[in-house]
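Asks: TSV, C-alpha atoms, file work-v4.tsv:
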chain	number	residue	atom	x	y	z
A	13	MET	CA	47.95	50.74	11.98
A	14	ALA	CA	51.47	49.64	12.89
A	15	ILE	CA	52.26	47.03	15.52
A	16	THR	CA	53.16	48.76	18.78
A	17	ILE	CA	56.65	48.47	20.25
A	18	LYS	CA	56.70	46.80	23.69
A	19	ASN	CA	59.09	47.71	26.48
A	20	GLU	CA	60.80	45.07	28.64
A	21	LYS	CA	58.18	45.16	31.41
A	22	GLU	CA	55.40	44.65	28.89
A	23	ILE	CA	57.31	41.86	27.17
A	24	GLU	CA	57.79	40.10	30.49
A	25	LYS	CA	54.04	40.19	31.09
A	26	MET	CA	53.54	38.67	27.64
A	27	ARG	CA	56.07	35.95	28.48
A	28	ARG	CA	54.05	35.13	31.59
A	29	ALA	CA	50.79	35.07	29.64
A	30	GLY	CA	52.45	32.91	27.01
A	31	HIS	CA	53.65	30.42	29.59
A	32	VAL	CA	50.13	30.09	30.99
A	33	VAL	CA	48.95	29.26	27.48
A	34	SER	CA	51.82	26.80	27.05
A	35	GLU	CA	51.00	25.01	30.29
A	36	CYS	CA	47.38	24.72	29.19
A	37	HIS	CA	48.60	23.00	26.03
A	38	VAL	CA	50.72	20.58	28.09
A	39	ARG	CA	47.62	19.50	29.99
A	40	VAL	CA	45.41	19.39	26.89
A	41	ALA	CA	47.95	17.19	25.07
A	42	ARG	CA	47.91	14.74	28.00
A	43	ALA	CA	44.11	14.70	28.11
A	44	ILE	CA	43.30	14.13	24.44
A	45	SER	CA	42.16	10.58	23.75
A	46	PRO	CA	39.20	8.78	22.21
A	47	GLY	CA	36.08	9.33	24.33
A	48	VAL	CA	37.06	12.77	25.62
A	49	THR	CA	34.70	15.60	24.68
A	50	THR	CA	35.67	19.06	23.51
A	51	GLY	CA	33.81	20.31	26.57
A	52	ASP	CA	36.12	18.27	28.80
A	53	LEU	CA	39.11	20.05	27.26
A	54	ASN	CA	37.39	23.40	27.69
A	55	ALA	CA	36.85	22.75	31.40
A	56	LEU	CA	40.48	21.66	31.81
A	57	VAL	CA	41.72	24.92	30.28
A	58	ARG	CA	39.25	27.00	32.29
A	59	ASP	CA	40.53	25.48	35.52
A	60	THR	CA	44.20	25.74	34.52
A	61	ILE	CA	43.96	29.42	33.62
A	62	LYS	CA	42.31	30.11	36.99
A	63	GLU	CA	44.89	28.01	38.87
A	64	LEU	CA	47.75	29.95	37.29
A	65	GLY	CA	46.28	33.33	38.18
A	66	ALA	CA	45.42	34.44	34.65
A	67	THR	CA	42.17	35.19	32.85
A	68	SER	CA	40.82	33.96	29.53
A	69	ASN	CA	40.81	36.22	26.49
A	70	PHE	CA	38.46	33.91	24.58
A	71	TYR	CA	35.59	33.44	27.02
A	72	GLY	CA	32.92	36.06	26.41
A	73	HIS	CA	34.80	37.78	23.58
A	74	GLN	CA	32.02	39.04	21.29
A	75	GLY	CA	29.85	36.43	22.99
A	76	PHE	CA	32.11	33.43	22.41
A	77	PRO	CA	31.03	30.75	24.95
A	78	GLY	CA	34.29	28.79	25.35
A	79	TYR	CA	37.69	29.05	27.01
A	80	ILE	CA	39.18	27.34	23.95
A	81	CYS	CA	38.41	27.08	20.28
A	82	ALA	CA	38.10	23.36	19.52
A	83	SER	CA	38.10	22.64	15.78
A	84	VAL	CA	37.80	18.99	14.74
A	85	ASN	CA	38.72	17.47	11.36
A	86	ASP	CA	37.19	19.74	8.66
A	87	GLN	CA	36.74	22.60	11.12
A	88	ILE	CA	39.47	25.20	10.57
A	89	VAL	CA	39.09	27.69	13.43
A	90	HIS	CA	36.67	29.00	16.08
A	91	GLY	CA	35.00	25.68	16.85
A	92	ILE	CA	32.79	25.94	19.95
A	93	PRO	CA	33.61	23.34	22.65
A	94	GLY	CA	30.75	21.22	23.92
A	95	LYS	CA	29.39	17.68	23.79
A	96	ARG	CA	31.30	16.48	20.72
A	97	VAL	CA	33.15	13.24	21.48
A	98	LEU	CA	36.60	12.69	20.00
A	99	HIS	CA	37.13	9.43	18.14
A	100	GLU	CA	40.19	7.42	17.17
A	101	GLY	CA	41.68	8.91	14.01
A	102	ASP	CA	40.31	12.44	14.50
A	103	ILE	CA	42.46	15.55	14.62
A	104	ILE	CA	41.63	18.54	16.79
A	105	ALA	CA	43.00	22.08	16.70
A	106	VAL	CA	42.93	23.63	20.17
A	107	ASP	CA	43.38	27.41	20.29
A	108	ILE	CA	44.06	28.89	23.74
A	109	GLY	CA	44.58	32.43	24.99
A	110	ALA	CA	45.32	34.00	28.38
A	111	ILE	CA	45.78	37.45	29.90
A	112	VAL	CA	48.33	38.36	32.60
A	113	ASP	CA	48.40	41.93	33.94
A	114	GLY	CA	46.62	43.23	30.86
A	115	PHE	CA	48.80	41.49	28.25
A	116	HIS	CA	47.90	38.57	26.03
A	117	GLY	CA	49.28	35.23	24.91
A	118	ASP	CA	47.76	33.10	22.14
A	119	SER	CA	48.72	29.72	20.69
A	120	ALA	CA	47.00	26.97	18.72
A	121	TRP	CA	48.12	23.40	18.11
A	122	THR	CA	46.55	20.55	16.17
A	123	TYR	CA	46.66	17.18	17.92
A	124	PRO	CA	46.07	13.63	16.75
A	125	VAL	CA	43.45	11.56	18.56
A	126	GLY	CA	45.03	8.13	18.81
A	127	GLU	CA	46.33	6.71	15.55
A	128	ILE	CA	45.63	8.89	12.52
A	129	SER	CA	45.93	8.39	8.78
A	130	ALA	CA	49.10	9.03	6.81
A	131	ASP	CA	47.46	12.03	5.12
A	132	ALA	CA	46.50	13.52	8.46
A	133	GLU	CA	50.00	12.95	9.82
A	134	ARG	CA	51.46	14.72	6.81
A	135	LEU	CA	49.01	17.62	7.22
A	136	LEU	CA	49.99	18.12	10.87
A	137	ARG	CA	53.70	17.80	10.17
A	138	ASP	CA	53.68	20.24	7.27
A	139	THR	CA	51.44	22.84	8.92
A	140	GLU	CA	53.71	22.88	11.96
A	141	ALA	CA	56.72	23.22	9.66
A	142	ALA	CA	55.00	26.10	7.83
A	143	LEU	CA	54.52	27.85	11.19
A	144	TYR	CA	58.24	27.71	11.89
A	145	GLU	CA	59.02	28.94	8.38
A	146	GLY	CA	56.84	31.97	9.10
A	147	ILE	CA	58.47	32.52	12.48
A	148	ALA	CA	61.94	32.40	10.93
A	149	ALA	CA	60.94	35.27	8.62
A	150	ALA	CA	59.73	37.42	11.53
A	151	ARG	CA	62.97	39.35	11.91
A	152	ALA	CA	63.70	43.01	12.48
A	153	GLY	CA	64.31	44.70	9.12
A	154	ASN	CA	62.05	42.36	7.14
A	155	HIS	CA	58.74	43.50	5.73
A	156	LEU	CA	55.60	42.09	7.35
A	157	GLY	CA	54.84	40.33	4.07
A	158	ALA	CA	57.90	38.15	4.54
A	159	ILE	CA	55.97	36.08	7.09
A	160	GLY	CA	53.12	35.12	4.78
A	161	HIS	CA	55.52	34.69	1.88
A	162	ALA	CA	57.52	32.13	3.89
A	163	VAL	CA	54.39	30.17	4.81
A	164	GLU	CA	53.15	30.19	1.23
A	165	ALA	CA	56.54	29.21	-0.20
A	166	TYR	CA	56.55	26.13	2.03
A	167	ALA	CA	52.89	25.09	1.75
A	168	ALA	CA	51.94	25.81	-1.87
A	169	PRO	CA	54.42	23.41	-3.54
A	170	ARG	CA	53.15	20.65	-1.26
A	171	GLY	CA	49.65	21.04	-2.64
A	172	TYR	CA	47.79	22.40	0.38
A	173	GLY	CA	44.90	24.79	0.32
A	174	ILE	CA	46.16	27.86	2.19
A	175	VAL	CA	43.33	29.54	4.09
A	176	LYS	CA	43.37	33.20	3.09
A	177	GLY	CA	40.39	34.69	4.90
A	178	TYR	CA	41.93	34.11	8.32
A	179	GLY	CA	45.47	34.46	9.61
A	180	GLY	CA	47.81	35.99	12.14
A	181	HIS	CA	47.67	39.36	13.84
A	182	GLY	CA	49.35	41.82	16.11
A	183	ILE	CA	48.95	41.03	19.81
A	184	GLY	CA	49.70	42.80	23.08
A	185	ARG	CA	47.17	44.74	25.15
A	186	GLN	CA	44.49	43.16	22.95
A	187	MET	CA	44.35	39.63	21.63
A	188	TRP	CA	43.63	40.79	18.08
A	189	GLU	CA	45.48	43.94	17.09
A	190	GLU	CA	46.34	45.40	13.71
A	191	PRO	CA	47.66	44.44	11.30
A	192	HIS	CA	46.24	41.23	9.87
A	193	ILE	CA	49.04	38.84	8.89
A	194	PRO	CA	47.98	36.64	5.95
A	195	ASN	CA	49.60	33.29	5.22
A	196	VAL	CA	50.43	34.35	1.67
A	197	GLY	CA	52.16	37.43	0.43
A	198	ASP	CA	55.00	39.43	-1.04
A	199	ALA	CA	58.20	39.49	1.00
A	200	ASP	CA	58.80	43.12	-0.02
A	201	ARG	CA	55.44	44.53	1.10
A	202	GLY	CA	54.03	45.70	4.41
A	203	ILE	CA	55.48	47.56	7.36
A	204	ILE	CA	59.09	47.02	8.41
A	205	LEU	CA	59.34	44.75	11.44
A	206	ARG	CA	61.15	46.27	14.42
A	207	LYS	CA	62.52	45.03	17.72
A	208	GLY	CA	59.81	44.92	20.38
A	209	MET	CA	56.88	44.15	18.08
A	210	THR	CA	54.79	41.12	19.04
A	211	VAL	CA	52.74	39.10	16.56
A	212	ALA	CA	50.71	35.92	16.41
A	213	ILE	CA	51.67	33.77	13.42
A	214	GLU	CA	49.17	31.05	12.51
A	215	PRO	CA	49.11	29.09	9.26
A	216	MET	CA	45.96	27.11	8.47
A	217	LEU	CA	46.35	24.48	5.76
A	218	ASN	CA	43.74	22.23	4.15
A	219	LEU	CA	44.14	18.86	2.49
A	220	GLY	CA	41.68	20.14	-0.12
A	221	ASP	CA	41.25	23.61	-1.56
A	222	GLU	CA	41.29	26.93	0.25
A	223	ALA	CA	37.54	27.70	0.21
A	224	THR	CA	35.80	28.10	3.58
A	225	ARG	CA	32.33	28.66	5.00
A	226	VAL	CA	30.92	29.57	8.42
A	227	LEU	CA	28.44	27.27	10.15
A	228	GLY	CA	25.09	28.37	11.51
A	229	ASP	CA	26.54	29.03	14.96
A	230	GLN	CA	28.22	32.04	13.31
A	231	TRP	CA	31.60	31.02	14.75
A	232	THR	CA	32.84	27.71	13.41
A	233	VAL	CA	34.78	28.01	10.13
A	234	VAL	CA	34.96	24.82	8.04
A	235	THR	CA	36.42	23.80	4.70
A	236	ALA	CA	33.88	24.16	1.92
A	237	ASP	CA	34.87	20.79	0.44
A	238	ARG	CA	34.89	19.03	3.87
A	239	SER	CA	38.60	18.26	3.59
A	240	TRP	CA	40.56	18.18	6.84
A	241	SER	CA	42.41	21.22	8.10
A	242	ALA	CA	45.22	21.94	10.57
A	243	HIS	CA	46.04	25.11	12.51
A	244	PHE	CA	49.27	25.94	14.37
A	245	GLU	CA	50.05	29.25	16.09
A	246	HIS	CA	52.66	30.91	18.30
A	247	THR	CA	52.93	34.37	19.80
A	248	VAL	CA	56.32	35.78	18.76
A	249	LEU	CA	58.55	38.68	19.79
A	250	ILE	CA	60.57	40.45	17.11
A	251	THR	CA	64.19	40.98	18.19
A	252	ASN	CA	67.40	42.15	16.54
A	253	GLY	CA	68.29	38.48	16.12
A	254	ASP	CA	66.25	35.30	16.09
A	255	PRO	CA	62.59	35.84	17.00
A	256	GLU	CA	61.56	34.73	20.50
A	257	ILE	CA	58.57	32.40	20.83
A	258	LEU	CA	56.51	33.66	23.78
A	259	THR	CA	54.29	30.55	23.83
A	260	PRO	CA	56.98	27.85	23.89
A	261	ARG	CA	56.19	24.17	23.80
A	262	LEU	CA	56.76	22.95	27.37
A	263	VAL	CA	57.68	19.55	28.78
A	264	GLY	CA	56.93	20.42	32.40
A	265	VAL	CA	54.69	22.56	34.54
A	266	VAL	CA	54.85	26.33	34.83
A	267	GLN	CA	56.04	27.30	38.30
What does the file become when written as structure tokens?

Replies:
Amino acid sequence: MAITIKNEKEIEKMRRAGHVVSECHVRVARAISPGVTTGDLNALVRDTIKELGATSNFYGHQGFPGYICASVNDQIVHGIPGKRVLHEGDIIAVDIGAIVDGFHGDSAWTYPVGEISADAERLLRDTEAALYEGIAAARAGNHLGAIGHAVEAYAAPRGYGIVKGYGGHGIGRQMWEEPHIPNVGDADRGIILRKGMTVAIEPMLNLGDEATRVLGDQWTVVTADRSWSAHFEHTVLITNGDPEILTPRLVGVVQ
């Protein structure tokens, strides 16, 4: 199934949803410190989404119990928030989604908890850079495969395990829409990207190899070798020029 083309009114709703998500990340970034629990961050996002007049697209989805996915250290994605306490030197990927007037925004960011190791710093820096490489390839006229190819071309030479079982996706009236967007690929394969398409691009890189497993909660995905993992994601609008990030990193508060 092809990614649907959005009109300007629909895109504006996605911008609003994206800005709710971005404001949640502003507040999460301020709150993260040793001693904070993943449940504390979940409650903060729950309250922020309500305050800004949006609804959560994570809470209750297929039974998921959180307003965020909180994935710590060797957890890659879909970590369930709860009583886990963050410690100095940890890293935590926080994935947040929101709905405004029936349209979705989705963004993940991996944060340091206090001072982290040089390897962890490198992992966060390079995974974020891989995200922006993928975004740069999300241009009208390119094949969908150009996105994953760009991520892979950046990450593979640096020795990271590129998670292949999970990746980006179309987004709009649903949080997860077709097609799946892997973080590897052939730049000349897949549908042709067109103005008005909206996608979530989300590289996940491991310090070890690419193998994953799912924990007994049937949600949390971890690295099979227990190496640490980072996850960065933006919702992006395809245009006739540079792609527009609909979940921009903010320095202030959404009005």

Asks: Of the candidates A:Ala162, A:Gly220, A:Val84, A:Leu262, which one gets nearest to A:Ala150 if we count all atoms listed in the file?

Replies: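 For A:Ala150, the nearest of the given residues is A:Ala162.
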
Asks: Mind giving me the straight-line distance from atom CA of A:Thr235 to atom CA of A:Pro169 in Å, one decimal?

Replies: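 Interatomic distance, atom CA of A:Thr235 to atom CA of A:Pro169: 19.8 Å.
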
Asks: In Å to one decimal, how far is atom CA of A:Phe244 from atom CA of A:Ala141?

Replies: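 Taking atom CA of A:Ala141 as the start and atom CA of A:Phe244 as the end point, the length is 9.2 Å.
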
Asks: Enumerate, as a list in words, the protein, DNA and RNA residues whose atoms approach (44.8, 33.4, 37.3) to within 12 Å, taking into account only C-alpha atoms and the coordinate frame of the file.

Replies: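 The distance filter leaves exactly Arg28, Ala29, Val32, Val33, Val57, Arg58, Asp59, Thr60, Ile61, Lys62, Glu63, Leu64, Gly65, Ala66, Thr67, Ser68, Asn69, Ala110, Ile111, Val112, Asp113 and Gly114 of chain A.
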
Asks: Atoms to include: C-alpha atoms. Write the selected residues as a PDB file, keeping the file's coordinate frame.

Replies:
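Below you can see selection08.pdb, which holds the result:
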ATOM      1  CA  ARG A  28      54.050  35.130  31.590  1.00  0.00           C
ATOM      2  CA  ALA A  29      50.790  35.070  29.640  1.00  0.00           C
ATOM      3  CA  VAL A  32      50.130  30.090  30.990  1.00  0.00           C
ATOM      4  CA  VAL A  33      48.950  29.260  27.480  1.00  0.00           C
ATOM      5  CA  VAL A  57      41.720  24.920  30.280  1.00  0.00           C
ATOM      6  CA  ARG A  58      39.250  27.000  32.290  1.00  0.00           C
ATOM      7  CA  ASP A  59      40.530  25.480  35.520  1.00  0.00           C
ATOM      8  CA  THR A  60      44.200  25.740  34.520  1.00  0.00           C
ATOM      9  CA  ILE A  61      43.960  29.420  33.620  1.00  0.00           C
ATOM     10  CA  LYS A  62      42.310  30.110  36.990  1.00  0.00           C
ATOM     11  CA  GLU A  63      44.890  28.010  38.870  1.00  0.00           C
ATOM     12  CA  LEU A  64      47.750  29.950  37.290  1.00  0.00           C
ATOM     13  CA  GLY A  65      46.280  33.330  38.180  1.00  0.00           C
ATOM     14  CA  ALA A  66      45.420  34.440  34.650  1.00  0.00           C
ATOM     15  CA  THR A  67      42.170  35.190  32.850  1.00  0.00           C
ATOM     16  CA  SER A  68      40.820  33.960  29.530  1.00  0.00           C
ATOM     17  CA  ASN A  69      40.810  36.220  26.490  1.00  0.00           C
ATOM     18  CA  ALA A 110      45.320  34.000  28.380  1.00  0.00           C
ATOM     19  CA  ILE A 111      45.780  37.450  29.900  1.00  0.00           C
ATOM     20  CA  VAL A 112      48.330  38.360  32.600  1.00  0.00           C
ATOM     21  CA  ASP A 113      48.400  41.930  33.940  1.00  0.00           C
ATOM     22  CA  GLY A 114      46.620  43.230  30.860  1.00  0.00           C
TER      23      GLY A 114
END

Asks: Neighbours of A:Ala165 within 9 Å (only C-alpha atoms; same-chain residues fewer than 3 positions away dropped), as a list in words?

Replies: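 In the requested form, the answer reads Ala142, Glu145, Gly160, His161, Ala162, Ala168, Pro169 and Val196 of chain A.
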
Asks: Using all atoms listed in the file, can you tell me which of A:Gly101, A:Gly30, A:Pro255, A:Gly94 comes closest to A:Ala152?

Replies: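 Comparing A:Gly101, A:Gly30, A:Pro255, A:Gly94 against A:Ala152, the winner is A:Pro255.
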
Asks: I need the residue nearest A:Leu249 from this list: A:Asn54, A:Asn85, A:Thr210, A:Asn154. Use all atoms listed in the file for the distance.

Replies: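 For A:Leu249, the nearest of the candidates is A:Thr210.
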
Asks: Any idea what the distance is between atom CA of A:Ala82 and atom CA of A:His192?

Replies: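 If I compute the distance from atom CA of A:Ala82 to atom CA of A:His192, I get 21.9 Å.
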
Asks: So which one's closest to A:Cys36, A:Leu56, A:Ala223, A:Ile213, A:Ile128? Using only C-alpha atoms, please.

Replies: A:Leu56

Asks: Please identify all polymer residues within 12 Å of A:Ile23, counting only C-alpha atoms, omitting same-chain residues fewer than 4 positions from it, and present them as a short mmCIF file (atom, residue, chain, number, x, y, z; two decimals) with C-alpha atoms, keeping the file's coordinate frame.

Replies:
data_model
loop_
_atom_site.label_atom_id
_atom_site.label_comp_id
_atom_site.auth_asym_id
_atom_site.auth_seq_id
_atom_site.Cartn_x
_atom_site.Cartn_y
_atom_site.Cartn_z
CA THR A 16 53.16 48.76 18.78
CA ILE A 17 56.65 48.47 20.25
CA LYS A 18 56.70 46.80 23.69
CA ASN A 19 59.09 47.71 26.48
CA ARG A 27 56.07 35.95 28.48
CA ARG A 28 54.05 35.13 31.59
CA ALA A 29 50.79 35.07 29.64
CA GLY A 30 52.45 32.91 27.01
CA VAL A 112 48.33 38.36 32.60
CA ASP A 113 48.40 41.93 33.94
CA GLY A 114 46.62 43.23 30.86
CA PHE A 115 48.80 41.49 28.25
CA HIS A 116 47.90 38.57 26.03
CA GLY A 117 49.28 35.23 24.91
CA ILE A 183 48.95 41.03 19.81
CA GLY A 184 49.70 42.80 23.08
CA ARG A 185 47.17 44.74 25.15
CA LYS A 207 62.52 45.03 17.72
CA GLY A 208 59.81 44.92 20.38
CA MET A 209 56.88 44.15 18.08
CA THR A 210 54.79 41.12 19.04
CA VAL A 211 52.74 39.10 16.56
CA THR A 247 52.93 34.37 19.80
CA VAL A 248 56.32 35.78 18.76
CA LEU A 249 58.55 38.68 19.79
CA ILE A 250 60.57 40.45 17.11
CA THR A 251 64.19 40.98 18.19
CA GLU A 256 61.56 34.73 20.50
CA ILE A 257 58.57 32.40 20.83
CA LEU A 258 56.51 33.66 23.78
#

Asks: Would you mind listing what lies within 12 Å of A:Glu127 as a PDB file with C-alpha atoms, in the coordinates of the input, with only C-alpha atoms counted and same-chain residues fewer than 3 positions away left out?

Replies:
ATOM      1  CA  ILE A  44      43.300  14.130  24.440  1.00  0.00           C
ATOM      2  CA  SER A  45      42.160  10.580  23.750  1.00  0.00           C
ATOM      3  CA  PRO A  46      39.200   8.780  22.210  1.00  0.00           C
ATOM      4  CA  HIS A  99      37.130   9.430  18.140  1.00  0.00           C
ATOM      5  CA  GLU A 100      40.190   7.420  17.170  1.00  0.00           C
ATOM      6  CA  GLY A 101      41.680   8.910  14.010  1.00  0.00           C
ATOM      7  CA  ASP A 102      40.310  12.440  14.500  1.00  0.00           C
ATOM      8  CA  ILE A 103      42.460  15.550  14.620  1.00  0.00           C
ATOM      9  CA  TYR A 123      46.660  17.180  17.920  1.00  0.00           C
ATOM     10  CA  PRO A 124      46.070  13.630  16.750  1.00  0.00           C
ATOM     11  CA  ALA A 130      49.100   9.030   6.810  1.00  0.00           C
ATOM     12  CA  ASP A 131      47.460  12.030   5.120  1.00  0.00           C
ATOM     13  CA  ALA A 132      46.500  13.520   8.460  1.00  0.00           C
ATOM     14  CA  GLU A 133      50.000  12.950   9.820  1.00  0.00           C
TER      15      GLU A 133
END

Asks: Which protein, DNA or RNA residues have an atom at most 8 Å from (57.1, 39.8, -2.5), counting only C-alpha atoms? List them as a list of chain:residue names.

Replies: A:Gly157, A:Ala158, A:His161, A:Gly197, A:Asp198, A:Ala199, A:Asp200, A:Arg201

Asks: Just the selected residues (C-alpha atoms), exported as a PDB file, in the coordinates of the input, please.

Replies:
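File written: out04.pdb
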ATOM      1  CA  GLY A 157      54.840  40.330   4.070  1.00  0.00           C
ATOM      2  CA  ALA A 158      57.900  38.150   4.540  1.00  0.00           C
ATOM      3  CA  HIS A 161      55.520  34.690   1.880  1.00  0.00           C
ATOM      4  CA  GLY A 197      52.160  37.430   0.430  1.00  0.00           C
ATOM      5  CA  ASP A 198      55.000  39.430  -1.040  1.00  0.00           C
ATOM      6  CA  ALA A 199      58.200  39.490   1.000  1.00  0.00           C
ATOM      7  CA  ASP A 200      58.800  43.120  -0.020  1.00  0.00           C
ATOM      8  CA  ARG A 201      55.440  44.530   1.100  1.00  0.00           C
TER       9      ARG A 201
END

Asks: Tell me which of A:Thr139, A:Ser34, A:Asn252, A:Ser129 sits closest to A:Asn195, counting only C-alpha atoms.

Replies: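 The answer is A:Thr139, which sits nearest to A:Asn195.
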